[in-house]
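K.L.:
Please read through the structure below; I'll follow up with questions.
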Amino acid sequence: MSASHPEPALVPRPRKVSPRPGRFTLDRRTSLRSLPGTEAASDLLRTLLTPATGLPLTASPDGRIVLTLDPRLSGLGEEGYGITVGPQALLLRAAQPTGLLRGVQTIRQLLPAEALSGEMRGGSWELPCVEISDVPTHPWRGAMLDVARHFQPVSYLRRYVDLLAFHKLNTLHLHLTDDQGWRMPVDAYPRLTSVGGHRSESMTWPPGQGGDSFDGVPHSGTYTKAELRSLVRYAAERGVSVVPEIEMPGHVRAALAAYPELGNHPERRLDVWTRWGVCDTVLGVHDRALDFCRAVLEEVMDVFPSPYIHIGGEECPTTEWENSPVARARAAAEGLDGPAALHGWFMGRIGAFLVERGRRPVGWAETGTELPLDFTVMTWRDPAHALAAARRGHQVVTAHHRATYLDYAQSTEPCEPLGQPGDPVGLRAVHGNEPVPGDWEAEETAQVLGTQAQLWTEYVKTPDRIEYLSYPRLCALADRAWSGGRSDWAGFVERLRRHTARLDALGVPYRPLTPRSLMTIPAGTAPPRP
């Protein structure tokens with residue numbers, strides 16, 4: 001490319017970008033020509049551009065912005081697209097409707113950043129002429145948001161979806177239940193939200209740091225099914241799938257506070273947990289607990305059409321089962337080696353239930369080999385676990401905490417907000433993470449669906465804090481999840497510097513870029529510790 005026609009600074013970077021001379025002008029005379037099957041993408045383009053640009057973008061058979069579907073473009077797959085911007089016309093084409101939705105977000109990034117601000121003005125807007133052909137590397141590019149620890153209203157979740165879609169992330173993993181709160185209404189068990197949706201206070205520091213202090217402030221929040229269905233529709237219009245997570249058999253203290261008979265000590269009365277960390281109260285392994293899980297998931301599947309249903313499974317202490325005559329009897333009756341083996345048995349029973357209903361169970365994998373093969377696994381402890389899971393035959397979503405957990409601090413600087421204890425996860429670590437290492441065999445690589453970021457919210461109460469922790473690290477994850485290959489850190493930094501103008505226009509309170517966080521890493525060397 002020449003200096004007079006620089007490559008647009010797009011995040012994530014498209015597979016092929018060829019700048020051309022000239023500019024395409026949007027003004028009040030510019031209209032849309034929507035060929036059959038492109039109506040959803042045309043509506044989205046108007047929804048996103050008209051309020052900010054002040055331009056109506058009316059439909060016309062002679063429109064200079066043309067959207068078209070062509071199944072013959074099979075190489076673009078489900079989400080790929082092509083854009084040709086010339087001085088007289090803009091053509092967006094794809095093989096599938098979702099590809100058009102991805103192309104809409106690229107058009108937004110080609111416009112000046114001011115077109116994202118929501119401050120309507122008239123006049124004209126220019127896009128650089130360019131030829132783009134783009135296909136994602138990984139089909140699962142996600143972000144997990146924990147609304148169990150700190151509830152966020154659906155109005156904010158819509159904004160969160162908008163930011164994901166803008167960066168071509170296609171999965172919102174919604175962590176709806178945990179020890180500290182239950183946010184999903186279940187008609188068959190109303191106390192899950194009336195009791196489990198409220199806690200009396202919250203821990204203010206990580207366990208073991210600064211003493212066990214609490215804020216004394218009650219915290220509550222639950223969704224209605226109508227709100228969740230509306231969120232699913234809103235996300236789908238932007239090409240984002242919402243994957244619900246209902247934790248089991250551990251991380252269930254809120255459910256046991258509502259229904260103690262589901263646990264191993266039905267006579268015990270518990271509160272919704274106010275501490276952080278791992279709680280040792282878990283579901284029982286009796287039929288009542290299994291029936292509860294099935295009934296809850298029936299209602300979850302009615303609200304969420306996602307083919308994937310996440311049922312947690314991590315950090316499940318087995319002490320209660322080991323001390324329970326009922327659990328020991330269950331283990332013996334099932335021919336298991338002992339109560340510790342009940343975890344895999346439990347997950348297998350519930351996973352099979354989901355499979356029978358045409359869904360794919362998802363679980364957190366702590367070694368890569370502990371879940372039944374029906375499960376898609378999210379490996380989070382060690383990158384080696386992803387390889388173990390792939391070799392075993394699992395579909396894998398990599399979620400390694402040292403590269404994808406955004407609740408860790410971004411640096412050691414004293415200005416960082418309170419986060420999870422441990423070394424920081426800097427921007428370089430996120431962009432340097434490879435969902436599939438280059439030395440894997442082809443059969444192993446084929447098992448990896450993609451990757452996602454995680455934001456646990458023990459210390460994250462507000463939308464501003466969510467976005468400060470997410471950006472620009474989520475930009476880095478989106479770049480790698482879409483583009484694949486080895487990290488081009490220097491190229492990403494160059495694009496990110498210009499991309500921050502878009503974040504500014506969108507009102508994202510991201511962590512400022514600093515020379516230390518943007519230090520270029522020579523090829524083939526490990527990044528220095530933050």
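In the structure tokens, each chain is lettered A, B, ... as it comes, each chain's residues begin at 1, and ligands are numbered from 1 in order of appearance.
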I'd like the neighbourhood of stretch 319-322 of chain A as a list in words, where a residue qualifies if any of its atoms comes within 10 Å (using only C-alpha atoms), though same-chain residues fewer than 3 positions away should be ignored.
P.N.:
Gly263, Asn264, His265, Asp280, Thr281, Val282, Leu283, Gly284, Val285, Cys316, Pro325, Val326, Ala327, Arg328, Ala329, Arg330, Ala331, Gly338, Pro339, Ala340, Ala341, Leu342 and His343 of chain A
K.L.:
Go ahead and dump the residues you just picked, all heavy atoms, as a compact mmCIF listing (two decimals), in the first residue's frame.
P.N.:
```txt
# COMPACT_ATOMS: atom_id res chain seq x y z
N GLY A 263 -29.72 -29.95 49.09
CA GLY A 263 -28.34 -30.18 49.48
C GLY A 263 -28.14 -31.49 50.21
O GLY A 263 -28.97 -32.41 50.16
N ASN A 264 -27.03 -31.56 50.92
CA ASN A 264 -26.66 -32.77 51.66
C ASN A 264 -27.08 -32.70 53.12
O ASN A 264 -26.98 -33.69 53.84
CB ASN A 264 -25.15 -32.97 51.56
CG ASN A 264 -24.70 -33.21 50.12
OD1 ASN A 264 -24.86 -34.30 49.58
ND2 ASN A 264 -24.15 -32.18 49.49
N HIS A 265 -27.56 -31.53 53.55
CA HIS A 265 -28.04 -31.32 54.92
C HIS A 265 -29.37 -30.58 54.85
O HIS A 265 -29.42 -29.36 55.07
CB HIS A 265 -27.01 -30.54 55.74
CG HIS A 265 -25.69 -31.22 55.88
ND1 HIS A 265 -25.49 -32.24 56.77
CD2 HIS A 265 -24.52 -31.05 55.22
CE1 HIS A 265 -24.23 -32.67 56.67
NE2 HIS A 265 -23.63 -31.97 55.73
N ASP A 280 -18.05 -24.62 50.20
CA ASP A 280 -18.04 -26.09 50.21
C ASP A 280 -19.43 -26.70 50.25
O ASP A 280 -19.57 -27.92 50.34
CB ASP A 280 -17.20 -26.62 51.38
CG ASP A 280 -17.74 -26.19 52.74
OD1 ASP A 280 -18.79 -25.52 52.79
OD2 ASP A 280 -17.08 -26.52 53.75
N THR A 281 -20.49 -25.89 50.20
CA THR A 281 -21.85 -26.44 50.14
C THR A 281 -22.19 -26.74 48.68
O THR A 281 -22.09 -25.87 47.82
CB THR A 281 -22.86 -25.46 50.74
OG1 THR A 281 -22.73 -24.19 50.10
CG2 THR A 281 -22.63 -25.29 52.23
N VAL A 282 -22.62 -27.97 48.42
CA VAL A 282 -22.89 -28.40 47.05
C VAL A 282 -24.24 -29.12 47.02
O VAL A 282 -24.80 -29.49 48.05
CB VAL A 282 -21.78 -29.33 46.53
CG1 VAL A 282 -20.43 -28.62 46.57
CG2 VAL A 282 -21.71 -30.64 47.31
N LEU A 283 -24.74 -29.32 45.82
CA LEU A 283 -25.98 -30.08 45.66
C LEU A 283 -25.80 -31.52 46.14
O LEU A 283 -24.71 -32.09 46.05
CB LEU A 283 -26.41 -30.10 44.20
CG LEU A 283 -26.95 -28.80 43.59
CD1 LEU A 283 -27.19 -28.98 42.11
CD2 LEU A 283 -28.23 -28.35 44.30
N GLY A 284 -26.89 -32.10 46.61
CA GLY A 284 -26.88 -33.52 46.88
C GLY A 284 -26.89 -34.31 45.58
O GLY A 284 -27.06 -33.75 44.49
N VAL A 285 -26.71 -35.60 45.71
CA VAL A 285 -26.72 -36.46 44.52
C VAL A 285 -27.95 -37.36 44.53
O VAL A 285 -27.99 -38.39 43.86
CB VAL A 285 -25.43 -37.30 44.44
CG1 VAL A 285 -24.25 -36.42 44.11
CG2 VAL A 285 -25.18 -38.07 45.74
N CYS A 316 -15.76 -27.78 42.64
CA CYS A 316 -16.81 -28.47 43.38
C CYS A 316 -16.18 -29.34 44.47
O CYS A 316 -15.76 -30.48 44.20
CB CYS A 316 -17.64 -29.33 42.43
SG CYS A 316 -18.96 -30.25 43.27
N PRO A 325 -23.91 -40.30 54.19
CA PRO A 325 -24.30 -41.69 53.92
C PRO A 325 -25.09 -41.83 52.62
O PRO A 325 -24.94 -42.83 51.90
CB PRO A 325 -25.14 -42.06 55.14
CG PRO A 325 -24.71 -41.12 56.22
CD PRO A 325 -24.38 -39.84 55.52
N VAL A 326 -25.93 -40.83 52.34
CA VAL A 326 -26.73 -40.89 51.11
C VAL A 326 -25.82 -40.85 49.88
O VAL A 326 -25.99 -41.61 48.92
CB VAL A 326 -27.74 -39.72 51.07
CG1 VAL A 326 -28.46 -39.67 49.72
CG2 VAL A 326 -28.75 -39.85 52.20
N ALA A 327 -24.83 -39.94 49.90
CA ALA A 327 -23.93 -39.83 48.76
C ALA A 327 -23.05 -41.07 48.63
O ALA A 327 -22.81 -41.57 47.52
CB ALA A 327 -23.07 -38.58 48.90
N ARG A 328 -22.57 -41.60 49.74
CA ARG A 328 -21.75 -42.81 49.67
C ARG A 328 -22.55 -43.98 49.12
O ARG A 328 -22.04 -44.79 48.34
CB ARG A 328 -21.17 -43.13 51.05
CG ARG A 328 -20.14 -42.10 51.54
CD ARG A 328 -19.29 -42.67 52.68
NE ARG A 328 -20.11 -43.06 53.82
CZ ARG A 328 -20.41 -42.27 54.83
NH1 ARG A 328 -19.98 -41.01 54.84
NH2 ARG A 328 -21.15 -42.71 55.85
N ALA A 329 -23.82 -44.04 49.53
CA ALA A 329 -24.68 -45.12 49.01
C ALA A 329 -24.91 -44.96 47.51
O ALA A 329 -24.95 -45.94 46.76
CB ALA A 329 -26.00 -45.12 49.77
N ARG A 330 -25.08 -43.72 47.07
CA ARG A 330 -25.27 -43.47 45.64
C ARG A 330 -24.03 -43.89 44.86
O ARG A 330 -24.12 -44.53 43.81
CB ARG A 330 -25.57 -41.99 45.40
CG ARG A 330 -25.62 -41.57 43.94
CD ARG A 330 -26.81 -42.15 43.19
NE ARG A 330 -27.99 -41.29 43.34
CZ ARG A 330 -29.14 -41.49 42.69
NH1 ARG A 330 -29.26 -42.54 41.88
NH2 ARG A 330 -30.17 -40.70 42.88
N ALA A 331 -22.85 -43.53 45.37
CA ALA A 331 -21.62 -43.91 44.69
C ALA A 331 -21.50 -45.43 44.59
O ALA A 331 -21.12 -45.98 43.54
CB ALA A 331 -20.41 -43.31 45.42
N GLY A 338 -15.78 -44.08 44.54
CA GLY A 338 -16.01 -43.40 45.81
C GLY A 338 -16.75 -42.11 45.58
O GLY A 338 -17.07 -41.74 44.44
N PRO A 339 -17.04 -41.37 46.64
CA PRO A 339 -17.81 -40.12 46.50
C PRO A 339 -17.18 -39.10 45.57
O PRO A 339 -17.89 -38.33 44.92
CB PRO A 339 -17.88 -39.61 47.94
CG PRO A 339 -17.76 -40.83 48.79
CD PRO A 339 -16.81 -41.72 48.06
N ALA A 340 -15.84 -39.04 45.48
CA ALA A 340 -15.21 -38.06 44.60
C ALA A 340 -15.61 -38.27 43.15
O ALA A 340 -15.67 -37.31 42.37
CB ALA A 340 -13.69 -38.14 44.74
N ALA A 341 -15.93 -39.51 42.79
CA ALA A 341 -16.31 -39.81 41.40
C ALA A 341 -17.74 -39.36 41.09
O ALA A 341 -18.17 -39.42 39.93
CB ALA A 341 -16.16 -41.30 41.13
N LEU A 342 -18.46 -38.93 42.10
CA LEU A 342 -19.84 -38.48 41.87
C LEU A 342 -19.90 -37.20 41.03
O LEU A 342 -20.92 -36.93 40.40
CB LEU A 342 -20.55 -38.25 43.21
CG LEU A 342 -20.93 -39.51 43.97
CD1 LEU A 342 -21.30 -39.18 45.42
CD2 LEU A 342 -22.09 -40.23 43.27
N HIS A 343 -18.83 -36.43 41.01
CA HIS A 343 -18.84 -35.20 40.20
C HIS A 343 -19.03 -35.53 38.73
O HIS A 343 -19.92 -35.00 38.06
CB HIS A 343 -17.54 -34.41 40.41
CG HIS A 343 -17.45 -33.19 39.54
ND1 HIS A 343 -16.85 -33.22 38.30
CD2 HIS A 343 -17.88 -31.92 39.73
CE1 HIS A 343 -16.91 -32.01 37.77
NE2 HIS A 343 -17.54 -31.20 38.61
```
K.L.:
For the strand (DSSP E or B) assignment from backbone DSSP, which residues of stretch 357-519 of chain A qualify? Please present them as a PyMOL selection string.
P.N.:
chain A and resi 360-365+376-379+395-398+405+408+420+448-455
K.L.:
Run DSSP on the backbone and tell me which residues of stretch 210-456 of chain A come out as helix (DSSP H, G or I); list them as JSON, numbers by chain.
P.N.:
{"A": [225, 226, 227, 228, 229, 230, 231, 232, 233, 234, 235, 236, 237, 253, 254, 255, 256, 257, 258, 260, 261, 262, 287, 288, 289, 290, 291, 292, 293, 294, 295, 296, 297, 298, 299, 300, 301, 302, 303, 319, 320, 321, 322, 325, 326, 327, 328, 329, 330, 331, 332, 333, 339, 340, 341, 342, 343, 344, 345, 346, 347, 348, 349, 350, 351, 352, 353, 354, 355, 356, 383, 384, 385, 386, 387, 388, 389, 390, 391, 392, 401, 402, 403, 404, 427, 428, 429, 430, 431, 432, 442, 443, 444, 445]}
K.L.:
Counting only C-alpha atoms, which residue out of A:Asp382, A:Asp464, A:Asp134, A:Asp302 sits closest to A:Pro417?
P.N.:
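Of all the options, A:Asp464 lies closest to A:Pro417.
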K.L.:
Which one of A:Leu297, A:Leu176, A:Ile132, A:Cys415 sits closest to A:His150 if you count only C-alpha atoms?
P.N.:
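Selected residue with least distance to A:His150: A:Leu176.
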K.L.:
Which residue is closest to A:Gly344? Choose from A:Val300, A:Leu57, A:Leu373, A:Val161 and count only C-alpha atoms.
P.N.:
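Selected residue with least distance to A:Gly344: A:Leu373.
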K.L.:
Which is closest to A:Ser133 among A:Arg23, A:Lys16, A:His175, A:Arg64, if we use only C-alpha atoms?
P.N.:
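Looking at the shortest contact to A:Ser133, the residue is A:Lys16.
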